[in-house]
$ cat data18.txt   # compact mmCIF, N, CA and C atoms
# COMPACT_ATOMS: atom_id res chain seq x y z
N ALA A 48 74.51 13.25 9.90
CA ALA A 48 73.99 12.44 8.82
C ALA A 48 73.58 11.06 9.36
N VAL A 49 74.40 10.54 10.31
CA VAL A 49 74.04 9.25 10.89
C VAL A 49 72.73 9.35 11.66
N LEU A 50 72.58 10.45 12.38
CA LEU A 50 71.36 10.67 13.14
C LEU A 50 70.16 10.76 12.21
N CYS A 51 70.33 11.45 11.11
CA CYS A 51 69.25 11.58 10.13
C CYS A 51 68.92 10.22 9.53
N TRP A 52 69.99 9.48 9.21
CA TRP A 52 69.76 8.14 8.65
C TRP A 52 69.04 7.25 9.66
N TRP A 53 69.51 7.32 10.93
CA TRP A 53 68.89 6.51 11.97
C TRP A 53 67.45 6.93 12.18
N TRP A 54 67.19 8.21 12.15
CA TRP A 54 65.83 8.73 12.34
C TRP A 54 64.93 8.26 11.19
N CYS A 55 65.43 8.22 9.97
CA CYS A 55 64.65 7.72 8.83
C CYS A 55 64.31 6.24 9.00
N VAL A 56 65.28 5.46 9.51
CA VAL A 56 65.04 4.04 9.74
C VAL A 56 63.97 3.87 10.81
N VAL A 57 64.04 4.63 11.89
CA VAL A 57 63.04 4.55 12.97
C VAL A 57 61.66 4.91 12.44
N LEU A 58 61.60 6.00 11.71
CA LEU A 58 60.30 6.42 11.15
C LEU A 58 59.76 5.37 10.17
N TYR A 59 60.68 4.83 9.35
CA TYR A 59 60.26 3.79 8.41
C TYR A 59 59.71 2.58 9.16
N CYS A 60 60.40 2.13 10.21
CA CYS A 60 59.95 0.96 10.97
C CYS A 60 58.61 1.23 11.65
N LYS A 61 58.48 2.44 12.23
CA LYS A 61 57.21 2.78 12.87
C LYS A 61 56.09 2.79 11.84
N PHE A 62 56.38 3.42 10.68
CA PHE A 62 55.37 3.48 9.63
C PHE A 62 55.01 2.07 9.16
N ARG A 63 56.07 1.23 8.96
CA ARG A 63 55.86 -0.13 8.50
C ARG A 63 55.03 -0.92 9.51
N ASP A 64 55.39 -0.85 10.79
CA ASP A 64 54.65 -1.57 11.83
C ASP A 64 53.22 -1.06 11.94
N ASN A 65 53.10 0.27 11.86
CA ASN A 65 51.77 0.86 11.93
C ASN A 65 50.93 0.41 10.74
N TRP A 66 51.52 0.40 9.55
CA TRP A 66 50.81 -0.01 8.34
C TRP A 66 50.38 -1.47 8.45
N ARG A 67 51.32 -2.33 8.90
CA ARG A 67 50.98 -3.75 9.07
C ARG A 67 49.87 -3.92 10.09
N GLY A 68 49.97 -3.16 11.17
CA GLY A 68 48.91 -3.22 12.18
C GLY A 68 47.57 -2.80 11.60
N CYS A 69 47.60 -1.74 10.79
CA CYS A 69 46.35 -1.28 10.15
C CYS A 69 45.80 -2.35 9.22
N VAL A 70 46.71 -2.96 8.47
CA VAL A 70 46.27 -4.02 7.54
C VAL A 70 45.68 -5.17 8.33
N ARG A 71 46.39 -5.58 9.41
CA ARG A 71 45.87 -6.68 10.24
C ARG A 71 44.52 -6.31 10.85
N ARG A 72 44.46 -5.10 11.40
CA ARG A 72 43.20 -4.67 12.00
C ARG A 72 42.10 -4.58 10.94
N GLY A 73 42.46 -4.13 9.77
CA GLY A 73 41.48 -4.05 8.68
C GLY A 73 40.97 -5.43 8.28
N ARG A 74 41.89 -6.38 8.19
CA ARG A 74 41.48 -7.74 7.85
C ARG A 74 40.61 -8.34 8.93
N MET A 75 41.01 -8.09 10.18
CA MET A 75 40.20 -8.61 11.29
C MET A 75 38.81 -7.97 11.27
N GLU A 76 38.77 -6.68 10.99
CA GLU A 76 37.48 -5.99 10.92
C GLU A 76 36.64 -6.54 9.77
N GLN A 77 37.29 -6.79 8.63
CA GLN A 77 36.57 -7.38 7.50
C GLN A 77 35.99 -8.74 7.88
N ARG A 78 36.81 -9.56 8.58
CA ARG A 78 36.32 -10.86 9.02
C ARG A 78 35.12 -10.71 9.95
N ARG A 79 35.24 -9.79 10.90
CA ARG A 79 34.12 -9.56 11.83
C ARG A 79 32.87 -9.12 11.07
N ILE A 80 33.06 -8.23 10.12
CA ILE A 80 31.92 -7.74 9.33
C ILE A 80 31.29 -8.89 8.55
N ARG A 81 32.15 -9.70 7.88
CA ARG A 81 31.63 -10.85 7.12
C ARG A 81 30.87 -11.80 8.02
N GLU A 82 31.47 -12.11 9.19
CA GLU A 82 30.81 -13.03 10.12
C GLU A 82 29.51 -12.43 10.63
N GLY A 83 29.54 -11.12 10.88
CA GLY A 83 28.33 -10.44 11.33
C GLY A 83 27.25 -10.47 10.28
N VAL A 84 27.64 -10.24 9.02
CA VAL A 84 26.67 -10.29 7.92
C VAL A 84 26.11 -11.70 7.79
N ARG A 85 27.00 -12.70 7.87
CA ARG A 85 26.53 -14.09 7.79
C ARG A 85 25.58 -14.40 8.92
N ALA A 86 25.95 -14.00 10.13
CA ALA A 86 25.09 -14.27 11.28
C ALA A 86 23.77 -13.53 11.13
N GLU A 87 23.84 -12.29 10.64
CA GLU A 87 22.62 -11.52 10.45
C GLU A 87 21.73 -12.15 9.38
N SER A 88 22.34 -12.60 8.27
CA SER A 88 21.54 -13.22 7.22
C SER A 88 20.97 -14.55 7.69
N ARG A 89 21.75 -15.29 8.49
CA ARG A 89 21.22 -16.53 9.06
C ARG A 89 20.04 -16.23 9.97
N ALA A 90 20.19 -15.20 10.80
CA ALA A 90 19.11 -14.83 11.72
C ALA A 90 17.86 -14.40 10.94
N LYS A 91 18.08 -13.65 9.84
CA LYS A 91 16.94 -13.24 9.02
C LYS A 91 16.26 -14.45 8.39
N MET A 92 17.07 -15.41 7.90
CA MET A 92 16.49 -16.62 7.30
C MET A 92 15.70 -17.40 8.32
N VAL A 93 16.24 -17.56 9.52
CA VAL A 93 15.55 -18.30 10.57
C VAL A 93 14.25 -17.59 10.93
N ALA A 94 14.30 -16.27 11.05
CA ALA A 94 13.10 -15.51 11.37
C ALA A 94 12.05 -15.65 10.27
N ALA A 95 12.49 -15.61 9.01
CA ALA A 95 11.55 -15.77 7.89
C ALA A 95 10.93 -17.17 7.90
N LEU A 96 11.74 -18.18 8.15
CA LEU A 96 11.20 -19.55 8.21
C LEU A 96 10.22 -19.70 9.36
N GLN A 97 10.51 -19.11 10.49
CA GLN A 97 9.59 -19.17 11.62
C GLN A 97 8.28 -18.47 11.29
N ARG A 98 8.36 -17.31 10.62
CA ARG A 98 7.14 -16.60 10.22
C ARG A 98 6.31 -17.45 9.27
N ASN A 99 6.98 -18.08 8.29
CA ASN A 99 6.26 -18.93 7.34
C ASN A 99 5.60 -20.10 8.05
N LEU A 100 6.30 -20.72 8.99
CA LEU A 100 5.74 -21.84 9.74
C LEU A 100 4.54 -21.39 10.56
N GLU A 101 4.65 -20.23 11.21
CA GLU A 101 3.54 -19.71 12.00
C GLU A 101 2.34 -19.40 11.11
N GLU A 102 2.60 -18.85 9.91
CA GLU A 102 1.50 -18.55 8.99
C GLU A 102 0.80 -19.83 8.55
N GLU A 103 1.59 -20.87 8.22
CA GLU A 103 0.99 -22.13 7.82
C GLU A 103 0.19 -22.74 8.96
N GLU A 104 0.73 -22.69 10.18
CA GLU A 104 0.02 -23.23 11.32
C GLU A 104 -1.27 -22.46 11.56
N SER A 105 -1.22 -21.13 11.40
CA SER A 105 -2.42 -20.33 11.61
C SER A 105 -3.45 -20.61 10.53
N LEU A 106 -2.99 -20.94 9.33
CA LEU A 106 -3.94 -21.30 8.27
C LEU A 106 -4.60 -22.64 8.55
N LEU A 107 -3.85 -23.56 9.12
CA LEU A 107 -4.40 -24.89 9.39
C LEU A 107 -5.26 -24.92 10.64
N ALA A 108 -4.83 -24.27 11.70
CA ALA A 108 -5.48 -24.45 12.99
C ALA A 108 -6.88 -23.87 13.09
N PRO A 109 -7.08 -22.56 12.90
CA PRO A 109 -8.39 -22.02 13.22
C PRO A 109 -9.48 -22.35 12.22
N ALA A 110 -9.11 -22.58 10.98
CA ALA A 110 -10.12 -22.77 9.95
C ALA A 110 -10.86 -24.09 10.10
N GLY A 111 -10.24 -25.09 10.70
CA GLY A 111 -10.86 -26.39 10.81
C GLY A 111 -10.77 -27.12 9.49
N VAL A 112 -11.64 -28.07 9.33
CA VAL A 112 -11.63 -28.90 8.12
C VAL A 112 -12.27 -28.12 6.97
N PRO A 113 -11.60 -28.06 5.81
CA PRO A 113 -12.22 -27.40 4.65
C PRO A 113 -13.53 -28.10 4.26
N ASN A 114 -14.49 -27.32 3.82
CA ASN A 114 -15.81 -27.87 3.46
C ASN A 114 -15.72 -28.95 2.39
N GLU A 115 -14.77 -28.80 1.48
CA GLU A 115 -14.63 -29.76 0.38
C GLU A 115 -14.22 -31.14 0.90
N PHE A 116 -13.62 -31.19 2.09
CA PHE A 116 -13.15 -32.46 2.65
C PHE A 116 -14.20 -33.12 3.54
N GLU A 117 -15.32 -32.45 3.75
CA GLU A 117 -16.38 -33.00 4.60
C GLU A 117 -17.46 -33.66 3.75
N CYS A 118 -17.98 -34.76 4.26
CA CYS A 118 -19.09 -35.43 3.60
C CYS A 118 -20.35 -34.60 3.83
N PRO A 119 -21.12 -34.28 2.78
CA PRO A 119 -22.31 -33.46 2.97
C PRO A 119 -23.44 -34.19 3.72
N ILE A 120 -23.36 -35.50 3.81
CA ILE A 120 -24.38 -36.25 4.55
C ILE A 120 -24.02 -36.33 6.03
N MET A 121 -22.79 -36.75 6.32
CA MET A 121 -22.37 -36.97 7.71
C MET A 121 -21.72 -35.73 8.34
N LEU A 122 -21.28 -34.77 7.51
CA LEU A 122 -20.60 -33.57 7.96
C LEU A 122 -19.33 -33.87 8.77
N THR A 123 -18.61 -34.90 8.33
CA THR A 123 -17.33 -35.27 8.93
C THR A 123 -16.29 -35.38 7.83
N LEU A 124 -15.03 -35.41 8.25
CA LEU A 124 -13.92 -35.55 7.31
C LEU A 124 -14.06 -36.90 6.59
N MET A 125 -13.98 -36.86 5.26
CA MET A 125 -14.14 -38.10 4.49
C MET A 125 -12.86 -38.92 4.54
N ASP A 126 -13.05 -40.24 4.63
CA ASP A 126 -11.93 -41.17 4.61
C ASP A 126 -11.84 -41.87 3.25
N ASP A 127 -13.01 -42.18 2.69
CA ASP A 127 -13.08 -42.86 1.40
C ASP A 127 -14.06 -42.09 0.51
N PRO A 128 -13.64 -40.94 -0.05
CA PRO A 128 -14.56 -40.14 -0.86
C PRO A 128 -14.88 -40.81 -2.20
N VAL A 129 -16.16 -40.74 -2.57
CA VAL A 129 -16.61 -41.29 -3.85
C VAL A 129 -17.51 -40.27 -4.54
N VAL A 130 -17.56 -40.34 -5.86
CA VAL A 130 -18.43 -39.47 -6.65
C VAL A 130 -19.64 -40.28 -7.06
N ALA A 131 -20.83 -39.74 -6.79
CA ALA A 131 -22.08 -40.40 -7.15
C ALA A 131 -22.56 -39.88 -8.50
N ALA A 132 -23.68 -40.42 -8.97
CA ALA A 132 -24.22 -40.05 -10.28
C ALA A 132 -24.62 -38.59 -10.37
N ASP A 133 -24.88 -37.94 -9.24
CA ASP A 133 -25.25 -36.53 -9.27
C ASP A 133 -24.03 -35.60 -9.37
N GLY A 134 -22.82 -36.20 -9.39
CA GLY A 134 -21.59 -35.42 -9.53
C GLY A 134 -21.03 -34.92 -8.21
N GLN A 135 -21.73 -35.17 -7.13
CA GLN A 135 -21.28 -34.75 -5.80
C GLN A 135 -20.38 -35.82 -5.18
N THR A 136 -19.53 -35.40 -4.26
CA THR A 136 -18.64 -36.32 -3.56
C THR A 136 -19.18 -36.58 -2.17
N TYR A 137 -19.20 -37.87 -1.80
CA TYR A 137 -19.71 -38.30 -0.50
C TYR A 137 -18.74 -39.31 0.10
N GLU A 138 -18.89 -39.54 1.40
CA GLU A 138 -18.21 -40.66 2.04
C GLU A 138 -18.91 -41.93 1.56
N ARG A 139 -18.13 -42.94 1.19
CA ARG A 139 -18.69 -44.17 0.63
C ARG A 139 -19.76 -44.78 1.54
N ALA A 140 -19.45 -44.93 2.81
CA ALA A 140 -20.40 -45.56 3.74
C ALA A 140 -21.69 -44.74 3.85
N ALA A 141 -21.58 -43.42 3.82
CA ALA A 141 -22.75 -42.56 3.97
C ALA A 141 -23.68 -42.66 2.76
N ILE A 142 -23.13 -42.60 1.54
CA ILE A 142 -23.99 -42.65 0.35
C ILE A 142 -24.58 -44.04 0.16
N GLU A 143 -23.81 -45.08 0.50
CA GLU A 143 -24.37 -46.43 0.39
C GLU A 143 -25.49 -46.63 1.40
N GLN A 144 -25.34 -46.08 2.60
CA GLN A 144 -26.43 -46.14 3.58
C GLN A 144 -27.63 -45.35 3.10
N TRP A 145 -27.39 -44.22 2.47
CA TRP A 145 -28.47 -43.39 1.92
C TRP A 145 -29.27 -44.20 0.90
N PHE A 146 -28.55 -44.85 -0.01
CA PHE A 146 -29.23 -45.66 -1.03
C PHE A 146 -30.00 -46.81 -0.39
N THR A 147 -29.42 -47.48 0.58
CA THR A 147 -30.06 -48.63 1.22
C THR A 147 -31.34 -48.20 1.92
N GLU A 148 -31.31 -47.12 2.67
CA GLU A 148 -32.49 -46.64 3.39
C GLU A 148 -33.58 -46.20 2.43
N ARG A 149 -33.20 -45.50 1.37
CA ARG A 149 -34.21 -45.01 0.41
C ARG A 149 -34.83 -46.19 -0.35
N CYS A 150 -34.04 -47.20 -0.64
CA CYS A 150 -34.55 -48.38 -1.35
C CYS A 150 -35.54 -49.13 -0.47
N ARG A 151 -35.24 -49.22 0.81
CA ARG A 151 -36.10 -49.93 1.75
C ARG A 151 -37.39 -49.15 1.98
N ASP A 152 -37.31 -47.80 2.04
CA ASP A 152 -38.48 -46.98 2.32
C ASP A 152 -39.48 -47.00 1.17
N CYS A 153 -39.01 -46.83 -0.04
CA CYS A 153 -39.92 -46.84 -1.18
C CYS A 153 -39.19 -47.41 -2.38
N PRO A 154 -39.28 -48.71 -2.57
CA PRO A 154 -38.50 -49.39 -3.61
C PRO A 154 -38.86 -48.98 -5.04
N LEU A 155 -40.04 -48.48 -5.27
CA LEU A 155 -40.43 -48.13 -6.63
C LEU A 155 -40.03 -46.71 -7.03
N GLN A 156 -39.67 -45.91 -6.07
CA GLN A 156 -39.26 -44.53 -6.35
C GLN A 156 -37.81 -44.49 -6.83
N PRO A 157 -37.48 -43.53 -7.70
CA PRO A 157 -36.07 -43.39 -8.10
C PRO A 157 -35.25 -42.85 -6.93
N PHE A 158 -33.96 -43.15 -6.98
CA PHE A 158 -33.08 -42.61 -5.93
C PHE A 158 -32.93 -41.11 -6.13
N LEU A 159 -32.99 -40.39 -5.02
CA LEU A 159 -32.85 -38.94 -5.08
C LEU A 159 -31.49 -38.53 -4.52
N SER A 160 -30.95 -37.48 -5.09
CA SER A 160 -29.66 -36.96 -4.63
C SER A 160 -29.82 -36.35 -3.25
N PRO A 161 -28.92 -36.67 -2.33
CA PRO A 161 -28.99 -36.06 -1.01
C PRO A 161 -28.75 -34.55 -1.04
N MET A 162 -28.04 -34.07 -2.04
CA MET A 162 -27.72 -32.65 -2.12
C MET A 162 -28.78 -31.84 -2.87
N THR A 163 -29.22 -32.34 -4.03
CA THR A 163 -30.12 -31.56 -4.88
C THR A 163 -31.55 -32.09 -4.88
N ASN A 164 -31.75 -33.29 -4.35
CA ASN A 164 -33.05 -33.95 -4.34
C ASN A 164 -33.54 -34.26 -5.76
N ALA A 165 -32.63 -34.25 -6.71
CA ALA A 165 -32.96 -34.59 -8.09
C ALA A 165 -32.82 -36.11 -8.26
N PRO A 166 -33.61 -36.72 -9.17
CA PRO A 166 -33.50 -38.17 -9.38
C PRO A 166 -32.10 -38.56 -9.87
N MET A 167 -31.61 -39.67 -9.35
CA MET A 167 -30.31 -40.20 -9.76
C MET A 167 -30.57 -41.47 -10.56
N THR A 168 -29.95 -41.57 -11.70
CA THR A 168 -30.18 -42.69 -12.59
C THR A 168 -29.40 -43.93 -12.21
N ASP A 169 -28.36 -43.76 -11.41
CA ASP A 169 -27.48 -44.87 -11.12
C ASP A 169 -27.05 -44.82 -9.65
N THR A 170 -26.88 -45.98 -9.04
CA THR A 170 -26.43 -46.02 -7.65
C THR A 170 -24.95 -46.38 -7.53
N ARG A 171 -24.30 -46.57 -8.66
CA ARG A 171 -22.87 -46.88 -8.60
C ARG A 171 -22.09 -45.62 -8.24
N VAL A 172 -20.99 -45.83 -7.53
CA VAL A 172 -20.12 -44.71 -7.14
C VAL A 172 -18.70 -45.00 -7.62
N VAL A 173 -17.95 -43.93 -7.83
CA VAL A 173 -16.57 -44.03 -8.31
C VAL A 173 -15.67 -43.36 -7.28
N SER A 174 -14.55 -44.02 -6.94
CA SER A 174 -13.61 -43.45 -5.97
C SER A 174 -13.05 -42.13 -6.48
N ASN A 175 -12.98 -41.17 -5.58
CA ASN A 175 -12.39 -39.87 -5.90
C ASN A 175 -10.97 -39.88 -5.34
N ILE A 176 -10.05 -40.44 -6.13
CA ILE A 176 -8.68 -40.68 -5.67
C ILE A 176 -7.94 -39.37 -5.42
N ALA A 177 -8.13 -38.39 -6.27
CA ALA A 177 -7.43 -37.11 -6.11
C ALA A 177 -7.83 -36.44 -4.79
N LEU A 178 -9.12 -36.44 -4.51
CA LEU A 178 -9.58 -35.83 -3.26
C LEU A 178 -9.08 -36.63 -2.05
N ARG A 179 -9.04 -37.94 -2.17
CA ARG A 179 -8.54 -38.77 -1.07
C ARG A 179 -7.08 -38.40 -0.76
N LYS A 180 -6.26 -38.21 -1.80
CA LYS A 180 -4.86 -37.83 -1.60
C LYS A 180 -4.77 -36.47 -0.92
N LEU A 181 -5.58 -35.52 -1.37
CA LEU A 181 -5.56 -34.18 -0.76
C LEU A 181 -5.96 -34.24 0.71
N ILE A 182 -6.97 -35.04 1.02
CA ILE A 182 -7.42 -35.16 2.41
C ILE A 182 -6.32 -35.78 3.26
N ARG A 183 -5.67 -36.80 2.75
CA ARG A 183 -4.59 -37.44 3.52
C ARG A 183 -3.43 -36.49 3.75
N GLU A 184 -3.07 -35.70 2.73
CA GLU A 184 -2.01 -34.70 2.90
C GLU A 184 -2.40 -33.66 3.94
N TYR A 185 -3.67 -33.23 3.88
CA TYR A 185 -4.17 -32.26 4.84
C TYR A 185 -4.08 -32.82 6.26
N VAL A 186 -4.50 -34.05 6.44
CA VAL A 186 -4.47 -34.68 7.77
C VAL A 186 -3.04 -34.80 8.27
N GLU A 187 -2.11 -35.19 7.40
CA GLU A 187 -0.70 -35.30 7.80
C GLU A 187 -0.14 -33.95 8.23
N ARG A 188 -0.41 -32.90 7.44
CA ARG A 188 0.08 -31.57 7.80
C ARG A 188 -0.56 -31.08 9.10
N ARG A 189 -1.87 -31.30 9.24
CA ARG A 189 -2.56 -30.87 10.46
C ARG A 189 -2.00 -31.60 11.68
N ASP A 190 -1.80 -32.93 11.56
CA ASP A 190 -1.26 -33.70 12.67
C ASP A 190 0.16 -33.25 13.00
N LEU A 191 0.95 -32.98 11.96
CA LEU A 191 2.32 -32.53 12.16
C LEU A 191 2.32 -31.16 12.86
N ALA A 192 1.43 -30.26 12.44
CA ALA A 192 1.36 -28.94 13.05
C ALA A 192 0.91 -29.05 14.51
N GLN A 193 -0.04 -29.91 14.78
CA GLN A 193 -0.51 -30.09 16.15
C GLN A 193 0.57 -30.74 17.00
N HIS A 194 1.30 -31.67 16.42
CA HIS A 194 2.36 -32.36 17.16
C HIS A 194 3.51 -31.40 17.48
N SER A 195 3.87 -30.54 16.52
CA SER A 195 4.98 -29.61 16.75
C SER A 195 4.60 -28.50 17.72
N SER A 196 3.31 -28.15 17.78
CA SER A 196 2.90 -27.09 18.70
C SER A 196 2.72 -27.62 20.12
N SER A 197 2.64 -28.93 20.28
CA SER A 197 2.46 -29.51 21.62
C SER A 197 3.75 -29.56 22.38
$ encode --input "data18.txt" --output "structure tokens"
Amino acid sequence: AVLCWWWCVVLYCKFRDNWRGCVRRGRMEQRRIREGVRAESRAKMVAALQRNLEEEESLLAPAGVPNEFECPIMLTLMDDPVVAADGQTYERAAIEQWFTERCRDCPLQPFLSPMTNAPMTDTRVVSNIALRKLIREYVERRDLAQHSSS
């Protein structure tokens, strides 16, 4: 009976130690899995962010300057865009030079639109503030993309 009792205690201790070991190993495995999932999700997030950055850079780099940001007279990026009486947007210096040259060439003729060649009733121009902001944002993003790729 003592041997049986002793054998039950030994089996109980082995079972208990084995169970605790399983629990510990299970917890450690859970931790490893959690850390692996976290690391994997972090890696996926980093990869997604890199893809998005590459897509944005590819959109900025090869296309060049959008046509809407270029002056139709000078064909350069506008710095001070203005809207003339014909409804078109020009670089301020370019449209003012256009008016000055046309006035000097034939002072009695009405001013003609550089885009449509239709008569313009007024030589006053209005700043296109919204377009100026868009151009400045575009230039900042382009410069940032070029700086980060260098």
$ closest_residue --input "data18.txt" --among "A:Asp133, A:Gln97, A:Glu138, A:Arg79" --to "Thr163 of chain A" --atoms "all atoms listed in the file"
A:Asp133
$ atom_distance --input "data18.txt" --atom1 "atom N of Glu148 of chain A" --atom2 "atom CA of Leu181 of chain A"
29.0 Å
$ atom_distance --input "data18.txt" --atom1 "atom C of Ala94 of chain A" --atom2 "atom CA of Ser195 of chain A"
16.9 Å
$ residues_around --input "data18.txt" --residues "segment 111-117 of chain A" --least-positions-apart "3" --cutoff "8 Å" --atoms "only N, CA and C atoms" --output "PyMOL selection string"
chain A and resi 106-108+120-126+136-138+178+181-182
$ atom_distance --input "data18.txt" --atom1 "atom N of Ala132 of chain A" --atom2 "atom C of Pro166 of chain A"
8.7 Å
